[in-house]
>>> print(open('input02.cif').read())   # mmCIF, C-alpha atoms
data_data
#
loop_
_atom_site.group_PDB
_atom_site.id
_atom_site.type_symbol
_atom_site.label_atom_id
_atom_site.label_comp_id
_atom_site.auth_asym_id
_atom_site.auth_seq_id
_atom_site.Cartn_x
_atom_site.Cartn_y
_atom_site.Cartn_z
ATOM 1 C CA ALA G 1 362.381 128.622 128.883
ATOM 2 C CA GLU G 2 362.902 124.940 128.279
ATOM 3 C CA SER G 3 360.333 124.269 131.002
ATOM 4 C CA TYR G 4 357.714 126.081 128.864
ATOM 5 C CA LEU G 5 358.074 123.331 126.263
ATOM 6 C CA THR G 6 357.096 120.812 128.937
ATOM 7 C CA CYS G 7 354.184 123.019 129.953
ATOM 8 C CA LEU G 8 352.966 123.161 126.329
ATOM 9 C CA LYS G 9 353.128 119.370 126.084
ATOM 10 C CA ILE G 10 351.023 119.050 129.230
ATOM 11 C CA VAL G 11 348.461 121.553 127.906
ATOM 12 C CA ALA G 12 348.257 119.717 124.560
ATOM 13 C CA CYS G 13 347.651 116.405 126.343
ATOM 14 C CA LEU G 14 345.049 117.892 128.673
ATOM 15 C CA ARG G 15 343.234 119.368 125.670
ATOM 16 C CA CYS G 16 343.464 115.990 123.901
ATOM 17 C CA ASP G 17 344.694 118.020 120.927
ATOM 18 C CA ILE G 18 346.706 115.730 118.638
ATOM 19 C CA CYS G 19 347.553 118.571 116.218
ATOM 20 C CA MET G 20 348.927 120.678 119.056
ATOM 21 C CA CYS G 21 350.894 117.694 120.386
ATOM 22 C CA MET G 22 352.646 117.496 117.024
ATOM 23 C CA GLN G 23 353.350 121.261 116.943
ATOM 24 C CA VAL G 24 354.458 122.067 120.522
ATOM 25 C CA ARG G 25 358.090 122.565 119.504
ATOM 26 C CA LYS G 26 357.037 124.998 116.746
ATOM 27 C CA ILE G 27 354.882 126.959 119.233
ATOM 28 C CA TRP G 28 357.748 127.008 121.737
ATOM 29 C CA GLN G 29 360.243 128.196 119.103
ATOM 30 C CA SER G 30 357.859 130.988 118.028
ATOM 31 C CA THR G 31 357.455 132.348 121.567
ATOM 32 C CA TYR G 32 359.736 135.278 122.365
ATOM 33 C CA VAL G 33 360.198 138.501 124.336
ATOM 34 C CA THR G 34 362.806 140.904 122.912
ATOM 35 C CA ALA G 35 364.019 144.291 124.136
ATOM 36 C CA TRP G 36 364.750 146.519 121.116
ATOM 37 C CA GLU G 37 366.269 150.005 121.228
ATOM 38 C CA ASN G 38 362.832 151.699 121.292
ATOM 39 C CA LYS G 39 360.325 148.995 122.250
ATOM 40 C CA LEU G 40 359.625 145.681 123.918
ATOM 41 C CA GLU G 41 358.246 143.086 121.509
ATOM 42 C CA PHE G 42 356.752 139.710 122.357
ATOM 43 C CA ASN G 43 354.914 136.792 120.775
ATOM 44 C CA TYR G 44 352.836 134.243 122.661
ATOM 45 C CA PRO G 45 351.319 132.096 119.903
ATOM 46 C CA ASP G 46 348.164 130.109 120.461
ATOM 47 C CA PHE G 47 347.041 126.944 118.763
ATOM 48 C CA VAL G 48 343.443 126.621 117.573
ATOM 49 C CA CYS G 49 341.950 124.060 115.180
ATOM 50 C CA CYS G 50 345.324 122.788 113.929
ATOM 51 C CA CYS G 51 346.549 126.332 113.251
ATOM 52 C CA MET G 52 349.196 128.274 115.091
ATOM 53 C CA ILE G 53 348.146 131.893 115.561
ATOM 54 C CA ASP G 54 350.844 134.431 116.415
ATOM 55 C CA GLN G 55 349.880 136.945 119.088
ATOM 56 C CA VAL G 56 352.549 139.604 118.695
ATOM 57 C CA GLY G 57 352.596 142.660 120.918
ATOM 58 C CA VAL G 58 354.712 145.801 121.103
ATOM 59 C CA ILE G 59 355.144 148.239 123.980
ATOM 60 C CA TYR G 60 357.042 151.433 123.250
ATOM 61 C CA TYR G 61 359.238 152.713 126.055
ATOM 62 C CA ASP G 62 357.262 155.942 126.500
ATOM 63 C CA ARG G 63 354.246 153.999 127.860
ATOM 64 C CA ASP G 64 353.661 154.098 131.621
ATOM 65 C CA ILE G 65 353.268 150.297 131.914
ATOM 66 C CA ILE G 66 356.957 149.778 131.179
ATOM 67 C CA LYS G 67 358.330 152.389 133.600
ATOM 68 C CA LYS G 68 358.760 149.610 136.167
ATOM 69 C CA VAL G 69 359.720 146.035 135.311
ATOM 70 C CA ASP G 70 360.824 143.271 137.626
ATOM 71 C CA LYS G 71 361.138 139.520 137.899
ATOM 72 C CA ALA G 72 357.912 138.080 139.260
ATOM 73 C CA GLY G 73 358.179 136.252 142.530
ATOM 74 C CA CYS G 74 355.766 134.815 145.031
ATOM 75 C CA CYS G 75 353.532 137.857 145.711
ATOM 76 C CA LYS G 76 356.141 140.312 144.436
ATOM 77 C CA PRO G 77 356.612 142.991 143.286
ATOM 78 C CA CYS G 78 354.289 144.227 145.998
ATOM 79 C CA GLY G 79 350.991 145.633 144.783
ATOM 80 C CA THR G 80 350.892 143.635 141.577
ATOM 81 C CA HIS G 81 349.694 140.051 141.237
ATOM 82 C CA ASN G 82 349.931 139.153 144.987
ATOM 83 C CA SER G 83 349.870 135.473 144.149
ATOM 84 C CA PRO G 84 352.341 132.595 144.116
ATOM 85 C CA CYS G 85 351.187 131.857 140.554
ATOM 86 C CA PRO G 86 352.293 131.849 137.760
ATOM 87 C CA THR G 87 355.819 131.869 139.190
ATOM 88 C CA CYS G 88 355.442 129.331 141.973
ATOM 89 C CA PHE G 89 358.718 127.371 141.929
ATOM 90 C CA ASP G 90 359.272 128.523 138.297
ATOM 91 C CA ILE G 91 357.508 125.369 137.078
ATOM 92 C CA CYS G 92 356.955 126.849 133.605
ATOM 93 C CA GLY G 93 359.870 129.277 133.679
ATOM 94 C CA GLU G 94 360.326 132.752 135.094
ATOM 95 C CA ALA G 95 358.024 135.711 134.531
ATOM 96 C CA LEU G 96 358.477 139.430 133.988
ATOM 97 C CA VAL G 97 356.041 141.883 135.608
ATOM 98 C CA LEU G 98 355.383 145.235 133.913
ATOM 99 C CA TYR G 99 353.790 147.526 136.487
ATOM 100 C CA GLY G 100 354.636 151.182 135.909
ATOM 101 C CA GLN G 101 351.122 152.493 135.298
ATOM 102 C CA THR G 102 348.317 153.137 137.735
ATOM 103 C CA CYS G 103 344.593 153.263 137.089
ATOM 104 C CA CYS G 104 345.039 157.076 136.903
ATOM 105 C CA SER G 105 347.744 156.993 134.182
ATOM 106 C CA THR G 106 346.953 159.015 131.083
ATOM 107 C CA ASN G 107 348.528 156.612 128.570
ATOM 108 C CA LEU G 108 347.226 153.213 129.635
ATOM 109 C CA SER G 109 348.315 150.076 127.798
ATOM 110 C CA ILE G 110 346.166 146.965 127.692
ATOM 111 C CA LEU G 111 348.187 143.860 127.017
ATOM 112 C CA PRO G 112 347.523 140.165 126.491
ATOM 113 C CA GLY G 113 348.376 137.651 129.161
ATOM 114 C CA MET G 114 347.755 137.730 132.875
ATOM 115 C CA SER G 115 346.902 141.299 133.799
ATOM 116 C CA GLY G 116 344.842 143.099 136.351
ATOM 117 C CA VAL G 117 344.508 145.913 138.847
ATOM 118 C CA CYS G 118 345.703 145.703 142.440
ATOM 119 C CA PHE G 119 345.809 148.691 144.816
ATOM 120 C CA CYS G 120 345.190 151.058 141.844
ATOM 121 C CA ARG G 121 348.292 149.666 140.110
ATOM 122 C CA THR G 122 347.787 147.902 136.809
ATOM 123 C CA TYR G 123 350.210 145.209 135.747
ATOM 124 C CA THR G 124 350.904 142.612 133.091
ATOM 125 C CA ILE G 125 352.893 139.425 133.459
ATOM 126 C CA LEU G 126 354.920 137.988 130.581
ATOM 127 C CA PRO G 127 355.420 134.344 131.635
ATOM 128 C CA ASN G 128 357.405 131.286 130.524
ATOM 129 C CA LEU G 129 360.796 132.982 130.241
ATOM 130 C CA SER G 130 364.354 132.278 131.275
ATOM 131 C CA GLY G 131 367.025 134.822 132.136
ATOM 132 C CA VAL G 132 364.468 137.389 133.315
ATOM 133 C CA GLU G 133 367.022 139.356 135.340
ATOM 134 C CA ASN G 134 369.097 139.909 132.162
ATOM 135 C CA LEU G 135 365.950 140.844 130.214
ATOM 136 C CA LYS G 136 364.944 143.321 132.953
ATOM 137 C CA ASN G 137 368.389 144.967 132.799
ATOM 138 C CA ALA G 138 368.232 145.144 128.990
ATOM 139 C CA ILE G 139 364.779 146.765 129.106
ATOM 140 C CA ASP G 140 365.837 149.282 131.768
ATOM 141 C CA THR G 141 368.945 150.273 129.787
ATOM 142 C CA ALA G 142 367.161 150.471 126.407
ATOM 143 C CA ARG G 143 364.223 152.416 127.904
ATOM 144 C CA ASP G 144 366.494 154.934 129.630
ATOM 145 C CA ASN G 145 368.558 155.411 126.444
ATOM 146 C CA ALA G 146 365.433 155.779 124.260
ATOM 147 C CA LEU G 147 363.874 158.345 126.593
ATOM 148 C CA ALA G 148 367.158 160.264 126.787
ATOM 149 C CA ARG G 149 367.270 160.411 122.957
ATOM 150 C CA CYS G 150 363.675 161.666 122.866
ATOM 151 C CA ASN G 151 364.386 164.399 125.419
ATOM 152 C CA ARG G 152 367.610 165.633 123.804
ATOM 153 C CA PRO G 153 365.976 167.715 121.006
ATOM 154 C CA LEU G 154 363.798 169.476 123.576
ATOM 155 C CA GLN G 155 366.800 170.415 125.684
ATOM 156 C CA GLY G 156 368.580 171.906 122.653
ATOM 157 C CA ALA G 157 365.504 173.947 121.675
ATOM 158 C CA LEU G 158 365.251 175.457 125.136
ATOM 159 C CA GLN G 159 368.806 176.805 125.151
#
>>> encode(input="input02.cif", output="structure tokens")
Amino acid sequence: AESYLTCLKIVACLRCDICMCMQVRKIWQSTYVTAWENKLEFNYPDFVCCCMIDQVGVIYYDRDIIKKVDKAGCCKPCGTHNSPCPTCFDICGEALVLYGQTCCSTNLSILPGMSGVCFCRTYTILPNLSGVENLKNAIDTARDNALARCNRPLQGALQ
């Protein structure tokens, strides 16, 4: 989101980090969340001691955490972050909440970013995005197609 660039500039100024001030556009351009045919991939780079450090993550669609995805709102989806932040007025862009697993899930995923446990439901928030509704639809479609492909060989073997 364009607003994330502004957020990065504010963070760089608050840190009094001249190197980061000069590299905010590069950090912003390196930040992404992409729905592929079999996985969700994201990069939220950090900037430490004049060096940009990529923090790339991948979640395959068979993981419980990605069974439910939704646009984060003020205290929604229910049972996740229950806070107006980080999406309050979309100051730094929209956010996507991944919340399909519970604390009893057998294939837990631990992800970077804002995450936690609320009412036995674990969640992760991928912030600073734009077009989250389109991203959510792309993830849902790709996940359903990937899982259908994975289940097809089993159905053929059973017949």
>>> resolve_selection(input="input02.cif", expression="the PyMOL selection byres ((chain G and resi 36-52) around 7)", output="PyMOL selection string")
chain G and resi 19-20+27+30-35+53-61+142-143+146
>>> write_last_selection(input="input02.cif", atoms="C-alpha atoms", output="compact mmCIF listing (two decimals), keeping the file's coordinate frame")
# COMPACT_ATOMS: atom_id res chain seq x y z
CA CYS G 19 347.55 118.57 116.22
CA MET G 20 348.93 120.68 119.06
CA ILE G 27 354.88 126.96 119.23
CA SER G 30 357.86 130.99 118.03
CA THR G 31 357.46 132.35 121.57
CA TYR G 32 359.74 135.28 122.36
CA VAL G 33 360.20 138.50 124.34
CA THR G 34 362.81 140.90 122.91
CA ALA G 35 364.02 144.29 124.14
CA ILE G 53 348.15 131.89 115.56
CA ASP G 54 350.84 134.43 116.42
CA GLN G 55 349.88 136.94 119.09
CA VAL G 56 352.55 139.60 118.70
CA GLY G 57 352.60 142.66 120.92
CA VAL G 58 354.71 145.80 121.10
CA ILE G 59 355.14 148.24 123.98
CA TYR G 60 357.04 151.43 123.25
CA TYR G 61 359.24 152.71 126.06
CA ALA G 142 367.16 150.47 126.41
CA ARG G 143 364.22 152.42 127.90
CA ALA G 146 365.43 155.78 124.26
>>> atom_distance(input="input02.cif", atom1="atom CA of G:Thr124", atom2="atom CA of G:Asn145")
22.8 Å
>>> atom_distance(input="input02.cif", atom1="atom CA of G:Ala1", atom2="atom CA of G:Gly93")
5.5 Å
>>> resolve_selection(input="input02.cif", expression="the PyMOL selection byres ((chain G and resi 4-10) around 10)", output="number ranges by chain")
G: 1-3, 11-17, 20-29, 31, 90-94, 127-130
>>> residues_around(input="input02.cif", residues="G:Leu98", least_positions_apart="2", cutoff="6 Å", atoms="only C-alpha atoms", output="PyMOL selection string")
chain G and resi 65-66+68-69+123-124
>>> atom_distance(input="input02.cif", atom1="atom CA of G:Asn151", atom2="atom CA of G:Glu133")
27.1 Å
